[in-house]
Amino acid sequence: MPAFPATECADCGELYGFPVVACRDCGCESFETRELDGSGIVYARTTIRVPGADHQGQEPFEVCVVDLADDIRITARVLDNPELGPDDSVQFVEARDGVFFFEAA
Amino acid sequence: MRNVSIVGMGTTEFGVLDAGVKDLGVRAVSRALRSCDVNRADVDALYLGNFVAGILEGQENIAPLVADSVGLTGIPTMKTEGACASSGIALRQAYQAVATGVHDVVVVAGVESMTNAETTEFTRALNSAADTQTEGKTGLTFPGFYGLWLDRYMHEHGATREEVAAIPVKNRANGATNPRARFRDPIAIDDVVESRLVADPLRLYDCCPAADGGAALVITASDRAREFTDTPLSVLGSGHASGRSGAYRYEDLTTLDATVTAANDAYAQAGISPTDLDVVELHDCFSAAEIGDSEDLGLFEKGEGARAAAEGVTAVDGDVPINPSGGLLSKGHPVGATGIGQVYEACLQLLGEHENQVDGAELALTHNLGGSGAVCTVTVLGRDA
């Protein structure tokens with residue numbers, strides 16, 4: 001199972017799902033990757049049927065807010081499963097072009 | 001701090017107007033100036049809210065261009081931008097300038113021209129209000145943000161699709177009698193729940209239409225207000241807060257805390273509580289947004305907003321009238337003009353001149369929200385003492 005590449009502040013240890021350039025808590029600009037268990041829980045889901053300019057032709061596709069270990073919450077894509085909803089389990093698949101992809105667990 | 005009054009106002013209708021931002025801004029400001037006894041020489045500054053003219057028209061620097069075109073050459077001007085709250089911010093800045101004595105008379109405007117744009121350019125422009133580094137890359141749109149919101153809300157609070165649909169039905173009924181609205185035909189619950197899905201569970205009729213439009217106010221220190229009009233209105237409270245930069249940043253996605261903060265500041269300044277309000281114009285860019293806004297503003301307990309609409313509580317003749325103008329769902333959403341457009345509608349209510357008049361309205365609130373709840377302004381308005 002792929003691990004999720006969280007971003008950890010090198011100074012205070014604050015964890016982030018998305019990469020950041022400065023720690024929100026302490027202002028440190030140095031970070032390390034910390035691998036989290038890639039299993040998550042869906043917090044909310046939508047299916048995009050009218051996409052923006054950069055995602056034309058991909059519709060329909062699912063976007064979810066996902067909760068990971070250590071209170072990390074991210075907005076991510078879920079692969080081909082419009083039935084998923086709040087409290088369902090998902091598994092991290094890969095990060096591609098700055099987007100995290102999950103699938104049903 | 002000085003008390004601040006609104007002494008003039010002007011607007012275009014909101015709709016498909018086939019005009020650019022400068023022309024719409026000029027119309028709105030000219031109409032506001034003509035609505036009161038203000039001379040151009042009295043005006044100290046102009047603040048103008050706009051969001052996407054730079055992207056869609058290649059037209060920036062709009063505030064001085066509008067000022068020059070309405071005969072206000074020479075005064076200080078500035079454009080404010082905060083996505084859909086752009087002109088709410090303009091009012092806030094203008095209010096502060098007058099309240100602190102920096103200026104005595106300020107014109108504040110909001111303007112947007114959207115319907116001439118190609119769909120791909122239009123969506124690219126609107127999506128620029130989201131964090132493009134995080135959620136933008138996922139393909140999340142603004143209907144998608146409120147689709148996530150509504151998915152979580154229905155899961156937590158058990159609201160039904162039909163209850164949610166009561167909001168566009170109500171607002172479209174109100175818009176039918178508002179000559180400033182883009183959509184003036186009523187719809188039924190079935191129309192909403194059978195319309196095509198846009199961002200599940202949001203459907204087409206849950207979403208506001210784009211529009212072109214401009215709206216403007218003339219504001220001044222209250223002790224000078226009657227130089228310019230016999231019917232000034234008071235700005236009793238003004239709140240302005242920033243919030244979260246994306247859906248993932250909320251611990252509770254169904255509470256957009258910028259609204260809570262801005263509203264609490266405005267209530268405290270006005271010395272009122274939500275139950276004192278007679279009429280509310282809030283930011284119903286989507287049916288889901290009206291539910292959340294009404295709860296975040298303290299008008300209903302968490303989880304009760306959809307049910308209140310379904311039970312008629314928020315109708316023009318209900319206990320808590322919300323969006324008697326028809327809201328964004330009927331008027332349309334010319335994003336940079338929306339905040340001042342809401343104030344225009346609220347002022348008509350306080351003057352007793354609205355097409356959907358709330359009987360005896362003396363205290364009104366307007367609520368203007370931008371991005372993923374990233375920025376909010378709240379204004380409390382009353383009849384002048």
# chains A, B, ... in the order shown; residues from 1 in each chain; ligands from 1
>>> residues_around(residues="Glu94 of chain A", least_positions_apart="3", cutoff="12 Å", atoms="only C-alpha atoms", output="count of residues only")
18
>>> residues_around(residues="Phe61 of chain A", least_positions_apart="3", cutoff="9 Å", atoms="only C-alpha atoms", output="PDB file with N, CA, C and O atoms, in the first residue's frame")
ATOM      1  N   THR A  46     -17.953  15.175  -4.019  1.00  0.00           N
ATOM      2  CA  THR A  46     -18.786  15.694  -5.102  1.00  0.00           C
ATOM      3  C   THR A  46     -18.315  15.076  -6.408  1.00  0.00           C
ATOM      4  O   THR A  46     -17.176  14.584  -6.498  1.00  0.00           O
ATOM      5  N   THR A  47     -19.185  15.088  -7.389  1.00  0.00           N
ATOM      6  CA  THR A  47     -18.813  14.676  -8.741  1.00  0.00           C
ATOM      7  C   THR A  47     -18.879  15.889  -9.645  1.00  0.00           C
ATOM      8  O   THR A  47     -19.943  16.519  -9.759  1.00  0.00           O
ATOM      9  N   ILE A  48     -17.756  16.230 -10.244  1.00  0.00           N
ATOM     10  CA  ILE A  48     -17.697  17.395 -11.122  1.00  0.00           C
ATOM     11  C   ILE A  48     -18.186  16.979 -12.506  1.00  0.00           C
ATOM     12  O   ILE A  48     -17.574  16.138 -13.159  1.00  0.00           O
ATOM     13  N   ARG A  49     -19.292  17.562 -12.932  1.00  0.00           N
ATOM     14  CA  ARG A  49     -19.854  17.234 -14.254  1.00  0.00           C
ATOM     15  C   ARG A  49     -19.706  18.393 -15.235  1.00  0.00           C
ATOM     16  O   ARG A  49     -19.870  18.212 -16.440  1.00  0.00           O
ATOM     17  N   PRO A  51     -16.725  20.820 -15.812  1.00  0.00           N
ATOM     18  CA  PRO A  51     -15.366  21.123 -15.348  1.00  0.00           C
ATOM     19  C   PRO A  51     -14.908  22.519 -15.749  1.00  0.00           C
ATOM     20  O   PRO A  51     -15.502  23.156 -16.627  1.00  0.00           O
ATOM     21  N   GLN A  58     -12.383  15.528 -18.982  1.00  0.00           N
ATOM     22  CA  GLN A  58     -12.181  14.535 -17.918  1.00  0.00           C
ATOM     23  C   GLN A  58     -13.492  14.181 -17.214  1.00  0.00           C
ATOM     24  O   GLN A  58     -13.544  13.203 -16.464  1.00  0.00           O
ATOM     25  N   ARG A  77      -8.527  13.776  -5.493  1.00  0.00           N
ATOM     26  CA  ARG A  77      -9.360  13.087  -6.479  1.00  0.00           C
ATOM     27  C   ARG A  77      -9.570  11.647  -6.033  1.00  0.00           C
ATOM     28  O   ARG A  77      -8.672  11.023  -5.463  1.00  0.00           O
ATOM     29  N   VAL A  78     -10.760  11.122  -6.316  1.00  0.00           N
ATOM     30  CA  VAL A  78     -11.025   9.707  -6.087  1.00  0.00           C
ATOM     31  C   VAL A  78     -11.342   9.066  -7.434  1.00  0.00           C
ATOM     32  O   VAL A  78     -12.096   9.628  -8.231  1.00  0.00           O
ATOM     33  N   LEU A  79     -10.724   7.950  -7.684  1.00  0.00           N
ATOM     34  CA  LEU A  79     -10.804   7.343  -9.004  1.00  0.00           C
ATOM     35  C   LEU A  79     -12.127   6.608  -9.186  1.00  0.00           C
ATOM     36  O   LEU A  79     -12.438   5.662  -8.459  1.00  0.00           O
ATOM     37  N   ASP A  80     -12.910   7.064 -10.136  1.00  0.00           N
ATOM     38  CA  ASP A  80     -14.038   6.321 -10.700  1.00  0.00           C
ATOM     39  C   ASP A  80     -14.930   5.644  -9.673  1.00  0.00           C
ATOM     40  O   ASP A  80     -15.194   4.451  -9.773  1.00  0.00           O
ATOM     41  N   ASN A  81     -15.408   6.416  -8.698  1.00  0.00           N
ATOM     42  CA  ASN A  81     -16.349   5.814  -7.758  1.00  0.00           C
ATOM     43  C   ASN A  81     -17.327   6.847  -7.224  1.00  0.00           C
ATOM     44  O   ASN A  81     -17.176   7.351  -6.118  1.00  0.00           O
ATOM     45  N   PRO A  82     -18.348   7.145  -8.016  1.00  0.00           N
ATOM     46  CA  PRO A  82     -19.303   8.173  -7.599  1.00  0.00           C
ATOM     47  C   PRO A  82     -20.179   7.747  -6.427  1.00  0.00           C
ATOM     48  O   PRO A  82     -20.915   8.569  -5.891  1.00  0.00           O
TER      49      PRO A  82
ATOM     50  N   GLY B 139      -9.267  20.046  -9.965  1.00  0.00           N
ATOM     51  CA  GLY B 139     -10.438  20.229 -10.823  1.00  0.00           C
ATOM     52  C   GLY B 139     -11.668  20.650 -10.045  1.00  0.00           C
ATOM     53  O   GLY B 139     -12.763  20.716 -10.609  1.00  0.00           O
TER      54      GLY B 139
END
>>> residues_around(residues="segment 111-113 of chain B", least_positions_apart="6", cutoff="6 Å", atoms="only C-alpha atoms", output="PDB file with all heavy atoms, in the first residue's frame")
ATOM      1  N   GLY B  20     -19.270  46.593 -21.515  1.00  0.00           N
ATOM      2  CA  GLY B  20     -18.061  46.301 -20.749  1.00  0.00           C
ATOM      3  C   GLY B  20     -18.077  46.933 -19.367  1.00  0.00           C
ATOM      4  O   GLY B  20     -18.997  47.678 -19.022  1.00  0.00           O
ATOM      5  N   VAL B  21     -17.052  46.617 -18.591  1.00  0.00           N
ATOM      6  CA  VAL B  21     -17.041  47.058 -17.191  1.00  0.00           C
ATOM      7  C   VAL B  21     -17.006  48.563 -17.044  1.00  0.00           C
ATOM      8  O   VAL B  21     -17.648  49.114 -16.164  1.00  0.00           O
ATOM      9  CB  VAL B  21     -15.866  46.461 -16.392  1.00  0.00           C
ATOM     10  CG1 VAL B  21     -16.151  45.050 -15.994  1.00  0.00           C
ATOM     11  CG2 VAL B  21     -14.563  46.593 -17.106  1.00  0.00           C
ATOM     12  N   GLY B  25     -19.850  50.544 -15.037  1.00  0.00           N
ATOM     13  CA  GLY B  25     -19.449  51.328 -13.869  1.00  0.00           C
ATOM     14  C   GLY B  25     -19.878  52.773 -14.000  1.00  0.00           C
ATOM     15  O   GLY B  25     -20.374  53.386 -13.036  1.00  0.00           O
ATOM     16  N   ASN B  50     -14.133  45.159  -8.305  1.00  0.00           N
ATOM     17  CA  ASN B  50     -14.211  44.380  -9.550  1.00  0.00           C
ATOM     18  C   ASN B  50     -13.336  43.154  -9.400  1.00  0.00           C
ATOM     19  O   ASN B  50     -12.329  43.173  -8.710  1.00  0.00           O
ATOM     20  CB  ASN B  50     -13.754  45.219 -10.754  1.00  0.00           C
ATOM     21  CG  ASN B  50     -13.710  44.395 -12.023  1.00  0.00           C
ATOM     22  OD1 ASN B  50     -12.650  43.954 -12.439  1.00  0.00           O
ATOM     23  ND2 ASN B  50     -14.875  44.165 -12.610  1.00  0.00           N
ATOM     24  N   ASP B 212     -24.139  40.497 -16.057  1.00  0.00           N
ATOM     25  CA  ASP B 212     -23.420  41.757 -16.126  1.00  0.00           C
ATOM     26  C   ASP B 212     -24.166  42.735 -15.225  1.00  0.00           C
ATOM     27  O   ASP B 212     -25.391  42.637 -15.087  1.00  0.00           O
ATOM     28  CB  ASP B 212     -23.424  42.305 -17.560  1.00  0.00           C
ATOM     29  CG  ASP B 212     -23.087  41.231 -18.575  1.00  0.00           C
ATOM     30  OD1 ASP B 212     -22.129  40.480 -18.339  1.00  0.00           O
ATOM     31  OD2 ASP B 212     -23.813  41.134 -19.596  1.00  0.00           O
ATOM     32  N   GLY B 213     -23.443  43.692 -14.660  1.00  0.00           N
ATOM     33  CA  GLY B 213     -24.150  44.675 -13.853  1.00  0.00           C
ATOM     34  C   GLY B 213     -23.217  45.623 -13.144  1.00  0.00           C
ATOM     35  O   GLY B 213     -22.014  45.368 -13.030  1.00  0.00           O
ATOM     36  N   GLY B 214     -23.796  46.722 -12.703  1.00  0.00           N
ATOM     37  CA  GLY B 214     -23.062  47.695 -11.901  1.00  0.00           C
ATOM     38  C   GLY B 214     -23.999  48.284 -10.873  1.00  0.00           C
ATOM     39  O   GLY B 214     -25.210  48.384 -11.108  1.00  0.00           O
ATOM     40  N   PRO B 334     -23.105  39.116 -11.044  1.00  0.00           N
ATOM     41  CA  PRO B 334     -21.994  39.851 -11.633  1.00  0.00           C
ATOM     42  C   PRO B 334     -20.981  40.105 -10.515  1.00  0.00           C
ATOM     43  O   PRO B 334     -21.104  41.076  -9.766  1.00  0.00           O
ATOM     44  CB  PRO B 334     -22.648  41.146 -12.125  1.00  0.00           C
ATOM     45  CG  PRO B 334     -23.850  41.326 -11.268  1.00  0.00           C
ATOM     46  CD  PRO B 334     -24.249  39.984 -10.737  1.00  0.00           C
ATOM     47  N   GLY B 336     -18.234  41.190  -9.141  1.00  0.00           N
ATOM     48  CA  GLY B 336     -17.735  42.415  -8.517  1.00  0.00           C
ATOM     49  C   GLY B 336     -18.829  43.400  -8.158  1.00  0.00           C
ATOM     50  O   GLY B 336     -18.605  44.324  -7.370  1.00  0.00           O
ATOM     51  N   ALA B 337     -20.012  43.245  -8.716  1.00  0.00           N
ATOM     52  CA  ALA B 337     -21.122  44.160  -8.442  1.00  0.00           C
ATOM     53  C   ALA B 337     -22.056  43.648  -7.350  1.00  0.00           C
ATOM     54  O   ALA B 337     -22.901  44.390  -6.840  1.00  0.00           O
ATOM     55  CB  ALA B 337     -21.931  44.400  -9.719  1.00  0.00           C
TER      56      ALA B 337
END
>>> closest_atom_pairs(of="chain B", to="chain A", cutoff="8 Å", atoms="only C-alpha atoms", output="JSON lines")
{"residue": "B:Thr120", "atom": "CA", "partner": "A:Ala53", "partner_atom": "CA", "distance": 4.8}
{"residue": "B:Glu121", "atom": "CA", "partner": "A:Ala53", "partner_atom": "CA", "distance": 7.1}
{"residue": "B:Thr123", "atom": "CA", "partner": "A:Gly52", "partner_atom": "CA", "distance": 5.4}
{"residue": "B:Arg124", "atom": "CA", "partner": "A:Ala53", "partner_atom": "CA", "distance": 5.5}
{"residue": "B:Asn127", "atom": "CA", "partner": "A:Gly52", "partner_atom": "CA", "distance": 7.3}
{"residue": "B:Gln133", "atom": "CA", "partner": "A:Gly98", "partner_atom": "CA", "distance": 7.8}
{"residue": "B:Thr134", "atom": "CA", "partner": "A:Phe18", "partner_atom": "CA", "distance": 7.0}
{"residue": "B:Glu135", "atom": "CA", "partner": "A:Thr75", "partner_atom": "CA", "distance": 6.3}
{"residue": "B:Lys137", "atom": "CA", "partner": "A:Val99", "partner_atom": "CA", "distance": 6.3}
{"residue": "B:Thr138", "atom": "CA", "partner": "A:Val99", "partner_atom": "CA", "distance": 5.8}
{"residue": "B:Gly139", "atom": "CA", "partner": "A:His55", "partner_atom": "CA", "distance": 6.1}
{"residue": "B:Leu140", "atom": "CA", "partner": "A:Val63", "partner_atom": "CA", "distance": 6.6}
{"residue": "B:Thr141", "atom": "CA", "partner": "A:Gly52", "partner_atom": "CA", "distance": 6.5}
{"residue": "B:Gly144", "atom": "CA", "partner": "A:Thr46", "partner_atom": "CA", "distance": 6.2}
{"residue": "B:Gly147", "atom": "CA", "partner": "A:Thr46", "partner_atom": "CA", "distance": 5.4}
{"residue": "B:Leu148", "atom": "CA", "partner": "A:Arg45", "partner_atom": "CA", "distance": 5.2}
{"residue": "B:Trp149", "atom": "CA", "partner": "A:Ala44", "partner_atom": "CA", "distance": 7.3}
{"residue": "B:Asp151", "atom": "CA", "partner": "A:Ala44", "partner_atom": "CA", "distance": 5.9}
{"residue": "B:Arg152", "atom": "CA", "partner": "A:Ala44", "partner_atom": "CA", "distance": 5.3}
{"residue": "B:His155", "atom": "CA", "partner": "A:Pro86", "partner_atom": "CA", "distance": 7.1}
{"residue": "B:Leu197", "atom": "CA", "partner": "A:Arg49", "partner_atom": "CA", "distance": 7.0}
{"residue": "B:Val198", "atom": "CA", "partner": "A:Arg49", "partner_atom": "CA", "distance": 5.2}
{"residue": "B:Ala199", "atom": "CA", "partner": "A:Ile48", "partner_atom": "CA", "distance": 4.8}
{"residue": "B:Asp200", "atom": "CA", "partner": "A:Thr46", "partner_atom": "CA", "distance": 5.1}
{"residue": "B:Pro201", "atom": "CA", "partner": "A:Thr46", "partner_atom": "CA", "distance": 7.0}
{"residue": "B:Ala247", "atom": "CA", "partner": "A:Thr75", "partner_atom": "CA", "distance": 6.8}
{"residue": "B:Tyr248", "atom": "CA", "partner": "A:Ile74", "partner_atom": "CA", "distance": 4.9}
{"residue": "B:Arg249", "atom": "CA", "partner": "A:Arg73", "partner_atom": "CA", "distance": 7.4}
>>> select_by_dssp(residues="segment 3-60 of chain A", states="strand (DSSP E)", output="MDAnalysis selection string")
chainID A and resid 4:9 15:16 31:36 39:48
>>> write_last_selection(atoms="C-alpha atoms", output="compact mmCIF listing (two decimals), in the first residue's frame")
# COMPACT_ATOMS: atom_id res chain seq x y z
CA PHE A 4 1.17 9.24 1.81
CA PRO A 5 3.95 11.86 1.53
CA ALA A 6 3.07 14.43 4.20
CA THR A 7 5.17 17.53 4.74
CA GLU A 8 6.68 18.00 8.22
CA CYS A 9 8.12 21.24 9.56
CA LEU A 15 2.36 18.33 9.63
CA TYR A 16 0.84 19.40 6.32
CA PHE A 31 10.58 20.74 5.64
CA GLU A 32 11.01 17.01 5.45
CA THR A 33 8.76 14.37 3.94
CA ARG A 34 7.06 12.14 6.49
CA GLU A 35 5.32 9.02 5.25
CA LEU A 36 1.83 8.45 6.60
CA SER A 39 -5.58 4.84 4.34
CA GLY A 40 -8.18 7.56 4.71
CA ILE A 41 -11.83 8.35 5.38
CA VAL A 42 -14.02 10.44 3.08
CA TYR A 43 -15.27 13.61 4.77
CA ALA A 44 -17.25 14.93 1.78
CA ARG A 45 -17.58 14.07 -1.91
CA THR A 46 -18.79 15.69 -5.10
CA THR A 47 -18.81 14.68 -8.74
CA ILE A 48 -17.70 17.40 -11.12
>>> atom_distance(atom1="atom CA of Glu83 of chain A", atom2="atom CA of Val193 of chain B")
18.6 Å
>>> select_by_dssp(residues="segment 230-335 of chain B", states="helix (DSSP H, G or I)", output="PyMOL selection string")
chain B and resi 247-249+257-270+274-276+287-296+305-310+327-331+335
>>> residues_around(residues="Glu60 of chain B", least_positions_apart="3", cutoff="12 Å", atoms="only C-alpha atoms", output="list in words")
Gly20, Val21, Lys22, Leu48, Gly49, Asn50, Phe51, Val52, Ala53, Gly54, Ile55, Leu56, Glu57, Ala63, Pro64, Leu65, Val66, Met78, Lys79, Thr80, Glu81 and Glu112 of chain B
>>> closest_atom_pairs(of="segment 56-135 of chain B", to="segment 2-15 of chain B", cutoff="7 Å", atoms="only C-alpha atoms", output="Markdown table")
| residue | atom | partner | partner_atom | distance |
| --- | --- | --- | --- | --- |
| B:Tyr95 | CA | B:Val4 | CA | 6.9 |
| B:Val98 | CA | B:Val4 | CA | 6.8 |
| B:Ala99 | CA | B:Arg2 | CA | 4.5 |
| B:Thr100 | CA | B:Arg2 | CA | 6.4 |
>>> residues_around(residues="Glu29 of chain A", least_positions_apart="4", cutoff="10 Å", atoms="only C-alpha atoms", output="list in words")
Cys9, Ala10, Asp11, Val20, Val21, Ala22, Cys23 and Arg24 of chain A
>>> write_last_selection(atoms="N, CA, C and O atoms", output="JSON list (two decimals), in the first residue's frame")
[["chain", "number", "residue", "atom", "x", "y", "z"],
["A", 9, "CYS", "N", 7.25, 20.10, 9.24],
["A", 9, "CYS", "CA", 8.12, 21.24, 9.56],
["A", 9, "CYS", "C", 9.36, 20.72, 10.30],
["A", 9, "CYS", "O", 9.25, 20.00, 11.30],
["A", 10, "ALA", "N", 10.54, 21.11, 9.80],
["A", 10, "ALA", "CA", 11.79, 20.64, 10.39],
["A", 10, "ALA", "C", 12.04, 21.24, 11.77],
["A", 10, "ALA", "O", 12.85, 20.73, 12.55],
["A", 11, "ASP", "N", 11.35, 22.30, 12.07],
["A", 11, "ASP", "CA", 11.58, 22.98, 13.35],
["A", 11, "ASP", "C", 10.58, 22.53, 14.41],
["A", 11, "ASP", "O", 10.95, 21.93, 15.43],
["A", 20, "VAL", "N", 4.06, 23.20, 1.64],
["A", 20, "VAL", "CA", 3.99, 24.60, 2.05],
["A", 20, "VAL", "C", 5.39, 25.21, 1.95],
["A", 20, "VAL", "O", 6.38, 24.48, 1.92],
["A", 21, "VAL", "N", 5.45, 26.53, 1.90],
["A", 21, "VAL", "CA", 6.76, 27.19, 1.81],
["A", 21, "VAL", "C", 7.20, 27.77, 3.15],
["A", 21, "VAL", "O", 8.38, 28.06, 3.34],
["A", 22, "ALA", "N", 6.27, 27.96, 4.07],
["A", 22, "ALA", "CA", 6.62, 28.44, 5.41],
["A", 22, "ALA", "C", 5.62, 27.85, 6.39],
["A", 22, "ALA", "O", 4.43, 27.76, 6.08],
["A", 23, "CYS", "N", 6.11, 27.44, 7.54],
["A", 23, "CYS", "CA", 5.23, 26.82, 8.54],
["A", 23, "CYS", "C", 4.23, 27.84, 9.08],
["A", 23, "CYS", "O", 4.63, 28.94, 9.49],
["A", 24, "ARG", "N", 2.97, 27.47, 9.09],
["A", 24, "ARG", "CA", 1.92, 28.36, 9.58],
["A", 24, "ARG", "C", 2.10, 28.66, 11.06],
["A", 24, "ARG", "O", 1.73, 29.73, 11.54]]
>>> residues_around(residues="segment 31-44 of chain B", least_positions_apart="6", cutoff="8 Å", atoms="only C-alpha atoms", output="CSV table (one decimal) with C-alpha atoms, in the first residue's frame")
chain,number,residue,atom,x,y,z
B,7,VAL,CA,-27.3,59.3,0.7
B,8,GLY,CA,-27.4,58.2,-2.9
B,9,MET,CA,-27.6,55.0,-4.9
B,10,GLY,CA,-27.8,53.8,-8.5
B,11,THR,CA,-27.8,50.5,-10.3
B,71,GLY,CA,-16.5,63.9,-14.2
B,72,LEU,CA,-14.6,63.0,-11.0
B,75,ILE,CA,-9.9,62.6,-6.9
B,76,PRO,CA,-8.1,59.5,-5.3
B,103,HIS,CA,-12.9,61.7,3.6
B,104,ASP,CA,-16.4,63.3,3.9
B,105,VAL,CA,-18.1,62.1,0.7
B,106,VAL,CA,-17.2,58.9,-1.1
B,107,VAL,CA,-18.6,57.1,-4.1
B,216,ALA,CA,-23.1,52.3,-6.8
B,217,LEU,CA,-23.7,54.3,-3.6
B,218,VAL,CA,-22.8,57.8,-2.3
B,227,GLU,CA,-27.2,68.2,2.7
B,228,PHE,CA,-27.6,65.6,0.0
B,229,THR,CA,-30.9,63.8,0.6
>>> residues_around(residues="Tyr205 of chain B", least_positions_apart="4", cutoff="12 Å", atoms="only C-alpha atoms", output="ChimeraX atom specification")
/B:143,164-172,183,186-199,201,209,284-288,328-330
>>> write_last_selection(atoms="C-alpha atoms", output="PDB file, in the first residue's frame")
ATOM      1  CA  PRO B 143     -20.179  24.503  -7.678  1.00  0.00           C
ATOM      2  CA  VAL B 164     -32.770  22.387  -0.202  1.00  0.00           C
ATOM      3  CA  ALA B 165     -34.710  22.948  -3.425  1.00  0.00           C
ATOM      4  CA  ALA B 166     -37.127  25.206  -1.563  1.00  0.00           C
ATOM      5  CA  ILE B 167     -34.453  27.913  -1.631  1.00  0.00           C
ATOM      6  CA  PRO B 168     -34.164  28.383  -5.412  1.00  0.00           C
ATOM      7  CA  VAL B 169     -37.952  28.055  -5.646  1.00  0.00           C
ATOM      8  CA  LYS B 170     -38.394  30.890  -3.126  1.00  0.00           C
ATOM      9  CA  ASN B 171     -35.726  33.103  -4.663  1.00  0.00           C
ATOM     10  CA  ARG B 172     -36.977  32.612  -8.208  1.00  0.00           C
ATOM     11  CA  PHE B 183     -34.318  35.416 -14.182  1.00  0.00           C
ATOM     12  CA  PRO B 186     -40.809  31.110 -11.158  1.00  0.00           C
ATOM     13  CA  ILE B 187     -39.846  27.429 -10.851  1.00  0.00           C
ATOM     14  CA  ALA B 188     -41.156  24.460  -8.844  1.00  0.00           C
ATOM     15  CA  ILE B 189     -39.453  21.927  -6.560  1.00  0.00           C
ATOM     16  CA  ASP B 190     -39.584  19.297  -9.312  1.00  0.00           C
ATOM     17  CA  ASP B 191     -37.786  21.650 -11.708  1.00  0.00           C
ATOM     18  CA  VAL B 192     -34.892  21.841  -9.255  1.00  0.00           C
ATOM     19  CA  VAL B 193     -34.593  18.181  -8.275  1.00  0.00           C
ATOM     20  CA  GLU B 194     -35.003  17.015 -11.880  1.00  0.00           C
ATOM     21  CA  SER B 195     -32.550  19.513 -13.383  1.00  0.00           C
ATOM     22  CA  ARG B 196     -29.209  18.129 -14.521  1.00  0.00           C
ATOM     23  CA  LEU B 197     -26.475  17.463 -12.020  1.00  0.00           C
ATOM     24  CA  VAL B 198     -23.623  19.998 -12.025  1.00  0.00           C
ATOM     25  CA  ALA B 199     -21.599  19.017  -8.943  1.00  0.00           C
ATOM     26  CA  PRO B 201     -25.654  16.805  -5.096  1.00  0.00           C
ATOM     27  CA  PRO B 209     -26.481  32.510 -13.289  1.00  0.00           C
ATOM     28  CA  ASP B 284     -26.874  32.689  -2.257  1.00  0.00           C
ATOM     29  CA  CYS B 285     -24.479  31.844  -5.087  1.00  0.00           C
ATOM     30  CA  PHE B 286     -25.850  28.312  -4.592  1.00  0.00           C
ATOM     31  CA  SER B 287     -28.849  26.956  -2.701  1.00  0.00           C
ATOM     32  CA  ALA B 288     -26.389  25.332  -0.301  1.00  0.00           C
ATOM     33  CA  LEU B 328     -28.062  35.868  -6.722  1.00  0.00           C
ATOM     34  CA  LEU B 329     -30.137  32.851  -7.799  1.00  0.00           C
ATOM     35  CA  SER B 330     -32.523  35.220  -9.605  1.00  0.00           C
TER      36      SER B 330
END
>>> closest_residue(among="B:Ala159, B:Lys302, B:Glu281, B:Leu24", to="Thr314 of chain B", atoms="only C-alpha atoms")
B:Glu281
>>> closest_residue(among="B:Ala262, B:Glu304, B:Ala268, B:Gly332", to="Thr366 of chain B", atoms="only C-alpha atoms")
B:Ala262
>>> atom_distance(atom1="atom CA of Ala211 of chain B", atom2="atom CA of Gly327 of chain B")
12.4 Å
>>> decode(residues="segment 300-319 of chain B", atoms="C-alpha atoms", output="PDB file, in the first residue's frame")
ATOM      1  CA  PHE B 300     -31.061  29.749  12.550  1.00  0.00           C
ATOM      2  CA  GLU B 301     -29.562  26.983  14.623  1.00  0.00           C
ATOM      3  CA  LYS B 302     -27.049  24.740  12.849  1.00  0.00           C
ATOM      4  CA  GLY B 303     -28.925  22.267  10.690  1.00  0.00           C
ATOM      5  CA  GLU B 304     -32.170  24.260  10.556  1.00  0.00           C
ATOM      6  CA  GLY B 305     -31.551  26.516   7.543  1.00  0.00           C
ATOM      7  CA  ALA B 306     -32.958  24.247   4.839  1.00  0.00           C
ATOM      8  CA  ARG B 307     -35.991  23.301   6.882  1.00  0.00           C
ATOM      9  CA  ALA B 308     -36.722  26.969   7.616  1.00  0.00           C
ATOM     10  CA  ALA B 309     -36.817  27.735   3.898  1.00  0.00           C
ATOM     11  CA  ALA B 310     -39.056  24.719   3.216  1.00  0.00           C
ATOM     12  CA  GLU B 311     -41.467  25.881   5.920  1.00  0.00           C
ATOM     13  CA  GLY B 312     -41.732  29.413   4.521  1.00  0.00           C
ATOM     14  CA  VAL B 313     -39.916  31.111   7.392  1.00  0.00           C
ATOM     15  CA  THR B 314     -37.615  32.938   4.944  1.00  0.00           C
ATOM     16  CA  ALA B 315     -40.342  34.104   2.541  1.00  0.00           C
ATOM     17  CA  VAL B 316     -41.023  37.833   2.114  1.00  0.00           C
ATOM     18  CA  ASP B 317     -43.913  37.532   4.569  1.00  0.00           C
ATOM     19  CA  GLY B 318     -42.130  35.023   6.839  1.00  0.00           C
ATOM     20  CA  ASP B 319     -40.540  35.657  10.223  1.00  0.00           C
TER      21      ASP B 319
END
